[in-house]
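Participant: Mind having a look at this structure? Questions to follow.
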Amino acid sequence: MNINLTLKIWRQANQDAPGKFVDYPVENISTEASFLEMMDILNEELVAKGEEPVAFDHDCREGICGMCSLFINGRPHGPDDSITTCQLHMRKFKDGETIVIEPWRAKPFPVIKDLMVDRTAFDEIIQAGGYVNINTGGVPDANAIPIRKENADLAMDAASCIGCGACVAACKNASAMLFVSAKVSQFTLLPQGKVEAHERVENMVAKMDELGFGNCTNTYACEAECPKDISITNIARMNREFLCAKVS
Amino acid sequence: MGKSYIYSSVTKKVIMSLVGLFLITFLLVHLTINLLLLFDPTRELFNVAAHFMGTNPLIQIFQWVLFGGFALHMILGVILQVQNWMARPKGYKKKAASEKSLFSRFMIHTGILIVVFLVIHFSDFFIKAKFLGEIGEIVYNGHHYEDMGLLVIEKFQMLGYVIFYVIALLILGFHLDHAFQSAFQSLGVNHPKYTPFIMGFSRFLAIVITVGYIFIPLFIYLK
């Protein structure tokens, strides 16, 4: 089946330009197409007309890289659960529908152009503590350190965060707590990460605050919109870790 | 860096939670005393309890802890909210409701309305009793007590006041529905076994406190 749509897209020439919404009709879009393929079709039409194509972030298009974003009809990654925008398909939309497409909105995520935002803030948080220090040398045996199965699973769940920023986009306070807590958890649950757990959580929270992300009000919109289903139990774990670090 | 005086976002939330839970214990004590006014035509239980709360030296000290708690909760609440607004200078054109805790969205609004109610509530009861001495006296077993119970009953016989009070308490209920469970999450208490109970208990507590407080003016007005 093919459908016709009206796209209401945020256009902004550069970081300092004011920006505005522009309506684009797109016709004869297959419901089999992915959302980003639909955007590609629009851009090809714009280029053919000699207009500036719509800038948007994307890379792997298989839901693992964390590059795609887009706030589609009021939801980060659009009207489907537990997927990224690149995995969204046009069968989720009705013929004749108007789709509002906006960039992530947060002070630490400035718009670079159109729908692209600068997510360097997340990299800065990682640089503040999202790593383990190890002495290089001979490769140790992978099974030399015993790890509780449950912790290994929880750490893996936390590590599935792709750092797309949907949690910040969805949060009414533009808080980065879900992202930061996932990154804190993936290390603190494992013996290798436990060594530097205290300074890690303190430094990452301090950096998060410094960058101007909002505070967590336990609204849990982040968890609802996360394409990787990162749980808010990570936030509680980070709060515990932070308290332990502060009092020790 | 000279920034050590600024508490981190997590620390501020932890303080909000601890103070909030303390304020809930106060609400329960206050509710218990209010309920003494029911089914007691002499008002003795209520007036004696009110006299105890107004004169016991330990309670007098705790009263200032309570006021400090309210002030801290309000100041931190406003600071957190202003920071949250600043974190998103430009909002969305279209925003769907993704939140799982509805009233979390309105904590600042319900909070401000509760402050307004508290100011009116204070001028009606606390200030009259403490500073203006406008309360009549009543004697039980040869001891003199301020007849706070009569003041309450007189207030609750005015329909306008009852409506105002009921609305204020419903707003408090909405605030508490989010508050109690949120406090545990902020303190890091989240466990697959206990969190569903805490979530349910939060709603139960909000309903018990709201219904408990609202029942008293309705009972007095309709009697």
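Convention: chains lettered A, B, ... in structure tokens order; per-chain residue numbering from 1; ligands numbered from 1 as shown.
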Which residues are close to stretch 170-180 of chain B, i.e. within 10 Å by only C-alpha atoms, leaving aside same-chain residues fewer than 5 positions away? Reply as a PyMOL selection string.
Facilitator: (chain A and resi 217-219) or (chain B and resi 16-17+20-21+24+101-111+113-114+117+165+185+198-211+213-214)
Participant: Go through chain B and flag each residue having an atom no more than 6 Å from chain A; for those, report the closest pair of atoms plus their distance in Å to one decimal, using only C-alpha atoms, ordered by chain and rising number, as a Markdown table.
Facilitator:
```
| residue | atom | partner | partner_atom | distance |
| --- | --- | --- | --- | --- |
| B:Ser9 | CA | A:Asn215 | CA | 5.7 |
| B:Asn84 | CA | A:Gly214 | CA | 4.5 |
| B:Ala87 | CA | A:Lys107 | CA | 5.1 |
| B:Arg88 | CA | A:Ala106 | CA | 4.6 |
| B:Lys94 | CA | A:Gly74 | CA | 4.7 |
| B:Lys95 | CA | A:Gly74 | CA | 3.8 |
| B:Ala96 | CA | A:Gly74 | CA | 4.5 |
| B:Ser98 | CA | A:Ala221 | CA | 4.8 |
| B:Glu99 | CA | A:Ala221 | CA | 4.0 |
| B:Lys100 | CA | A:Tyr220 | CA | 5.5 |
| B:Ser101 | CA | A:Thr219 | CA | 5.1 |
| B:Ser104 | CA | A:Thr219 | CA | 5.5 |
| B:Ser182 | CA | A:Asn218 | CA | 5.9 |
| B:Gln185 | CA | A:Ala236 | CA | 5.5 |
| B:Gly188 | CA | A:Ala236 | CA | 3.9 |
| B:Asn190 | CA | A:Ala236 | CA | 5.9 |
```
Participant: Could you tell me, as a list in words, which residues of stretch 36-214 of chain A DSSP assigns to strand (DSSP E or B) when given the backbone?
Facilitator: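 Everything in stretch 36-214 of chain A that counts as strand (DSSP E or B) is Phe71, Ile72, Arg75, Pro76, His89, Thr98, Ile99, Val100, Ile101, Glu102, Ala106, Phe109, Val111, Ile112, Lys113, Met116 and Val117 of chain A.
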